[in-house]
>>> print(open('entry06.txt').read())   # compact mmCIF, C-alpha atoms and all ligand atoms
# COMPACT_ATOMS: atom_id res chain seq x y z
CA MET A 261 0.00 0.00 0.00
CA GLY A 262 1.63 3.25 -1.10
CA GLY A 263 1.62 6.73 0.33
CA GLY A 264 3.69 9.00 2.53
CA ILE A 265 3.72 9.54 6.27
CA ALA A 266 3.03 12.90 7.96
CA GLU A 267 3.09 14.18 11.50
CA ILE A 268 1.91 17.54 12.76
CA GLY A 269 3.60 18.12 16.13
CA VAL A 270 7.05 16.55 16.15
CA TYR A 271 8.36 18.07 19.40
CA PHE A 272 11.66 16.20 19.96
CA GLY A 273 10.66 13.29 17.74
CA ARG A 274 9.42 10.49 19.95
CA SER A 275 6.66 9.36 17.57
CA TYR A 276 8.41 10.77 14.48
CA PHE A 277 11.44 8.48 14.99
CA LEU A 278 9.20 5.54 15.74
CA LEU A 279 7.53 6.16 12.38
CA LYS A 280 10.95 6.45 10.72
CA LYS A 281 12.03 3.20 12.33
CA ILE A 282 9.05 1.12 11.25
CA THR A 283 8.96 2.40 7.68
CA SER A 284 11.44 1.63 4.94
CA PRO A 285 14.27 4.06 4.08
CA GLU A 286 12.49 4.97 0.81
CA ASP A 287 9.37 6.09 2.66
CA ARG A 288 8.87 9.82 2.87
CA VAL A 289 8.15 10.96 6.43
CA LEU A 290 7.09 14.60 6.71
CA GLY A 291 7.43 16.44 10.03
CA ILE A 292 5.59 19.70 10.70
CA ASP A 293 6.21 21.78 13.81
CA LEU A 294 6.58 25.36 14.95
CA PHE A 295 10.06 24.38 16.19
CA ASP A 296 10.07 27.44 18.39
CA ILE A 297 11.17 25.95 21.74
CA GLY A 298 14.39 27.24 23.31
CA GLU A 299 16.85 29.88 22.27
CA MET A 300 17.36 30.71 18.63
CA SER A 301 20.79 30.85 17.10
CA ASN A 302 21.47 31.39 13.39
CA GLY A 303 17.71 31.29 12.85
CA VAL A 304 17.42 27.78 14.32
CA SER A 305 15.85 26.88 17.67
CA GLU A 306 17.25 24.59 20.34
CA GLN A 307 14.30 22.29 19.70
CA TYR A 308 15.19 21.96 16.02
CA ARG A 309 18.85 21.25 16.76
CA ALA A 310 18.02 18.71 19.47
CA PHE A 311 15.55 17.00 17.14
CA LEU A 312 18.22 16.60 14.42
CA GLU A 313 20.70 15.33 17.02
CA ASN A 314 18.19 12.75 18.21
CA GLY A 315 18.01 11.48 14.63
CA HIS A 316 21.81 11.10 14.43
CA ARG A 317 21.96 9.41 17.82
CA LEU A 318 19.28 6.91 16.83
CA GLY A 319 20.78 6.23 13.41
CA LEU A 320 17.65 7.67 11.81
CA PRO A 321 18.88 10.87 10.15
CA VAL A 322 16.25 13.48 9.36
CA ASP A 323 15.75 14.61 5.77
CA GLU A 324 15.44 18.36 6.33
CA ASP A 325 13.67 18.77 2.98
CA LEU A 326 10.84 16.89 4.65
CA LEU A 327 10.52 19.24 7.60
CA VAL A 328 8.10 22.13 7.61
CA VAL A 329 8.90 24.81 10.19
CA GLY A 330 5.79 26.84 10.87
CA ASP A 331 2.16 26.95 11.85
CA SER A 332 0.23 24.01 10.41
CA SER A 333 -2.93 26.14 10.16
CA GLU A 334 -1.18 28.16 7.43
CA LEU A 335 -0.46 25.11 5.28
CA SER A 336 -2.46 24.02 2.27
CA PRO A 337 -3.01 20.36 1.37
CA GLN A 338 -0.63 20.90 -1.58
CA ASP A 339 2.16 21.87 0.83
CA ILE A 340 1.93 18.33 2.13
CA SER A 341 1.15 16.34 -1.01
CA SER A 342 3.88 18.09 -3.00
CA LYS A 343 6.41 16.62 -0.52
CA VAL A 344 5.06 13.16 0.25
CA GLY A 345 2.13 12.55 -2.11
CA LYS A 346 -1.05 11.15 -0.61
CA VAL A 347 -0.54 10.23 3.05
CA ARG A 348 -1.07 6.67 4.27
CA PHE A 349 -0.48 7.46 7.97
CA PHE A 350 -1.16 10.92 9.38
CA SER A 351 -0.36 11.66 13.03
CA VAL A 352 -2.17 14.74 14.36
CA ASP A 353 -0.36 15.88 17.51
CA GLY A 354 0.27 19.61 17.04
CA GLY A 355 -1.60 22.41 18.78
CA HIS A 356 -4.30 21.12 21.13
CA THR A 357 -6.97 23.83 20.87
CA LEU A 358 -10.23 23.41 19.00
CA SER A 359 -9.09 25.70 16.19
CA ASN A 360 -5.83 23.69 15.84
CA LEU A 361 -7.89 20.51 15.58
CA GLU A 362 -10.20 22.05 12.99
CA ALA A 363 -7.26 23.11 10.83
CA ASP A 364 -5.21 19.93 11.27
CA SER A 365 -8.09 17.51 10.74
CA ARG A 366 -8.97 19.38 7.53
CA LEU A 367 -5.39 19.02 6.29
CA ALA A 368 -5.42 15.32 7.17
CA LYS A 369 -8.76 14.76 5.49
CA GLU A 370 -7.64 16.47 2.29
CA THR A 371 -4.31 14.67 2.00
CA ILE A 372 -5.12 11.19 3.27
CA ALA A 373 -4.88 8.29 0.82
CA ASP A 374 -8.00 6.16 0.28
CA HIS A 375 -6.52 3.45 2.52
CA GLY A 376 -4.90 5.97 4.93
CA VAL A 377 -5.14 6.11 8.71
CA ILE A 378 -5.35 9.31 10.75
CA VAL A 379 -4.33 9.06 14.40
CA PHE A 380 -5.38 11.83 16.74
CA ASP A 381 -3.24 12.10 19.84
CA ASP A 382 -4.47 13.17 23.29
CA THR A 383 -8.11 12.33 22.70
CA PHE A 384 -9.93 11.87 26.01
CA ASN A 385 -6.96 13.32 27.85
CA PRO A 386 -8.52 15.60 30.47
CA ALA A 387 -5.52 17.92 30.17
CA TRP A 388 -6.60 18.78 26.60
CA PRO A 389 -10.42 18.66 26.43
CA GLU A 390 -10.70 20.54 23.13
CA VAL A 391 -8.84 17.77 21.31
CA THR A 392 -11.72 15.42 22.03
CA VAL A 393 -14.26 18.02 20.92
CA GLY A 394 -12.28 18.59 17.71
CA VAL A 395 -12.13 14.89 16.89
CA ALA A 396 -15.82 14.43 17.68
CA ASP A 397 -16.65 17.40 15.42
CA PHE A 398 -14.49 15.90 12.67
CA LEU A 399 -16.22 12.52 12.91
CA ARG A 400 -19.70 14.03 13.05
CA ASN A 401 -19.08 16.41 10.16
CA ASN A 402 -17.52 13.65 8.04
CA ASP A 403 -19.71 10.83 9.18
CA GLU A 404 -20.36 9.49 5.68
CA ALA A 405 -16.67 9.24 4.83
CA PHE A 406 -14.69 8.55 8.02
CA SER A 407 -15.05 6.44 11.16
CA ALA A 408 -13.01 5.50 14.23
CA PHE A 409 -11.86 1.86 14.19
CA CYS A 410 -9.51 1.77 17.19
CA MET A 411 -9.06 3.64 20.45
CA THR A 412 -6.34 3.46 23.04
CA LYS A 413 -5.83 5.57 26.10
CA TYR A 414 -5.44 9.01 24.52
CA LYS A 415 -5.26 7.99 20.86
CA THR A 416 -8.10 7.60 18.34
CA TYR A 417 -7.49 5.90 14.98
CA VAL A 418 -9.69 6.89 12.05
CA CYS A 419 -9.98 5.66 8.46
CA ARG A 420 -12.38 5.85 5.55
CA ARG A 421 -15.53 3.83 6.12
CA GLU A 422 -14.66 1.41 3.29
CA PHE A 423 -11.56 0.35 5.24
CA HIS A 424 -13.11 0.28 8.69
CA ASP A 425 -13.75 -3.49 8.89
CA PHE A 426 -10.40 -4.25 7.29
CA TYR A 427 -8.39 -2.33 9.91
CA ARG A 428 -10.57 -3.43 12.78
CA ALA A 429 -10.09 -7.08 11.83
CA ALA A 430 -6.34 -6.53 11.40
CA ILE A 431 -6.11 -5.25 14.97
CA LEU A 432 -8.19 -8.09 16.36
CA ARG A 433 -5.87 -10.71 14.87
CA ALA A 434 -2.48 -8.92 15.18
CA PRO A 435 -0.07 -11.11 17.21
CA HIS A 436 1.87 -8.05 18.41
CA LEU A 437 -1.21 -6.65 20.08
CA ARG A 438 -1.91 -9.74 22.18
CA ALA A 439 -0.21 -8.04 25.13
CA PHE A 440 -3.15 -5.65 25.30
CA GLU A 441 -6.62 -6.34 26.55
CA LEU A 442 -9.11 -5.87 23.76
CA ALA A 443 -12.67 -4.68 24.21
CA GLU A 444 -15.39 -3.50 21.88
CA THR A 445 -16.61 0.04 22.05
CA HIS A 446 -18.79 2.28 19.97
CA PHE A 447 -17.88 5.82 18.98
CA LEU A 448 -20.12 8.15 16.98
CA GLY A 449 -21.71 5.59 14.72
CA SER A 450 -19.04 2.94 14.43
CA ASP A 451 -17.69 -0.06 16.30
CA ALA A 452 -14.13 0.39 17.44
CA VAL A 453 -11.65 -1.89 19.18
CA ARG A 454 -10.41 -0.51 22.45
CA LEU A 455 -6.88 -1.55 23.37
CA HIS A 456 -6.12 -1.39 27.03
CA ASN A 457 -2.65 -1.67 28.51
CA PRO A 458 -2.99 -3.15 32.02
CA PHE A 459 -1.20 -0.93 34.51
CA GLY A 460 0.46 -3.74 36.49
CA ARG A 461 2.08 -5.18 33.36
CA ARG A 462 3.32 -1.76 32.31
CA ILE A 463 4.99 -1.22 35.70
CA LEU A 464 6.65 -4.65 35.51
CA TYR A 465 7.96 -3.81 32.04
CA GLU A 466 9.34 -0.43 33.16
CA LEU A 467 11.04 -1.92 36.22
CA MET A 468 12.67 -4.70 34.20
CA THR A 469 13.79 -2.29 31.47
CA ARG A 470 15.33 0.08 33.99
CA SER A 471 17.16 -2.72 35.73
CA GLY A 472 18.81 -3.77 32.45
CA MET A 473 16.55 -6.73 31.75
CA SER A 474 15.09 -5.34 28.57
CA ALA A 475 15.26 -8.55 26.53
CA ILE A 476 13.36 -10.47 29.20
CA SER A 477 11.03 -7.57 29.93
CA GLU A 478 9.98 -7.43 26.28
CA ARG A 479 9.07 -11.12 26.39
CA ALA A 480 7.33 -10.80 29.74
CA TYR A 481 5.36 -7.86 28.43
CA ARG A 482 4.20 -9.50 25.23
CA CYS A 483 3.67 -13.07 26.35
CA HIS A 484 0.87 -12.54 28.85
C1 LIG A 501 2.47 17.28 22.23
S1 LIG A 501 3.82 17.91 21.31
C2 LIG A 501 4.08 16.62 20.13
C3 LIG A 501 4.63 15.37 20.72
C4 LIG A 501 5.29 14.44 19.72
N1 LIG A 501 4.36 13.94 18.73
C5 LIG A 501 5.99 13.31 20.41
O1 LIG A 501 5.79 12.15 20.05
O2 LIG A 501 6.77 13.57 21.33
C6 LIG A 501 3.08 19.19 20.36
C7 LIG A 501 3.99 19.83 19.32
O3 LIG A 501 3.14 20.55 18.44
C8 LIG A 501 3.79 21.72 18.04
N2 LIG A 501 2.76 22.70 17.63
C9 LIG A 501 1.90 23.37 18.43
N3 LIG A 501 1.10 24.17 17.70
C10 LIG A 501 1.46 24.00 16.41
C11 LIG A 501 1.05 24.57 15.19
N4 LIG A 501 0.04 25.47 15.14
N5 LIG A 501 1.66 24.20 14.04
C12 LIG A 501 2.67 23.29 14.08
N6 LIG A 501 3.12 22.69 15.21
C13 LIG A 501 2.53 23.06 16.37
C14 LIG A 501 4.59 22.16 19.27
O4 LIG A 501 5.68 22.96 18.88
C15 LIG A 501 5.02 20.81 19.86
O5 LIG A 501 6.30 20.45 19.43
>>> encode(input="entry06.txt", output="structure tokens")
Amino acid sequence: MGGGIAEIGVYFGRSYFLLKKITSPEDRVLGIDLFDIGEMSNGVSEQYRAFLENGHRLGLPVDEDLLVVGDSSELSPQDISSKVGKVRFFSVDGGHTLSNLEADSRLAKETIADHGVIVFDDTFNPAWPEVTVGVADFLRNNDEAFSAFCMTKYKTYVCRREFHDFYRAAILRAPHLRAFELAETHFLGSDAVRLHNPFGRRILYELMTRSGMSAISERAYRCH
């Protein structure tokens, strides 16, 4: 399945580098951010420099031609598609106000490939209530075309209705997701799988990782 990858809201790259790592080197991963954190020198912020350094450190160098420095609400869909084509995975994690969500969900909607997935971060996070309102507005206003197929704590995954059952079934049978508890839920007119990460298992994983037992902790985490 073709298409580029895009993320609004890169910050220091936690999800951006995960996306880089799980895609192939030929994939085009676009990062959009204000990049305005920290002191500026030579027109570049500390955030931008630290982000590039993180890429070097991880062995996942950033293609600066695929970075957009600026306010996502000022971008047009062509600004995105001219760099990566239609987008097969769009992470929306930029500004967290309702107007940010309106602008960013519109960009995602207009650039997403037919088979593409949009993931909205911080949904149902009480720290950012307008994110949830923005995603609910998006789903209600685009009810004929888009639906939520998966929800985790603070992330909502959306695709075109034609692909809803396909992605939902893929999640239900994915071996890598067996570590999670799965439950059915319903969100604004569609059935979605809810993935729940039991707290006790997460703590065990963190403790084992921090004590240098990461190989075992990975197995312990996934094999429950
Ligand atoms: C929650 S952080 C993103 C976290 C990141 N995805 C991660 O995995 O660590 C939000 C980011 O969105 C950026 N941002 C906020 N408003 C924005 C806007 N209007 N346009 C572009 N980026 C924006 C901020 O600079 C910040 O880096």
>>> axis_aligned_box(input="entry06.txt", around="range 360-373 of chain A", padding_each_side="3 Å", output="AutoDock Vina command-line options")
--center_x -7.3 --center_y 16.0 --center_z 8.3 --size_x 11.9 --size_y 21.4 --size_z 21.0
>>> residues_near_ligand(input="entry06.txt", ligand="ligand LIG 501 (chain A)", cutoff="10 Å", atoms="all atoms listed in the file", output="count of residues only")
44
>>> closest_residue(input="entry06.txt", among="A:Leu448, A:Trp388, A:Asp397, A:His375", to="Glu362 in chain A", atoms="only C-alpha atoms")
A:Asp397
>>> atom_distance(input="entry06.txt", atom1="CA of Thr283 in chain A", atom2="CA of Gly264 in chain A")
9.9 Å
>>> closest_residue(input="entry06.txt", among="A:Ala408, A:Met261, A:Gly298, A:Asp425", to="Phe349 in chain A", atoms="all atoms listed in the file")
A:Met261
>>> atom_distance(input="entry06.txt", atom1="CA of His446 in chain A", atom2="CA of Ala266 in chain A")
27.1 Å
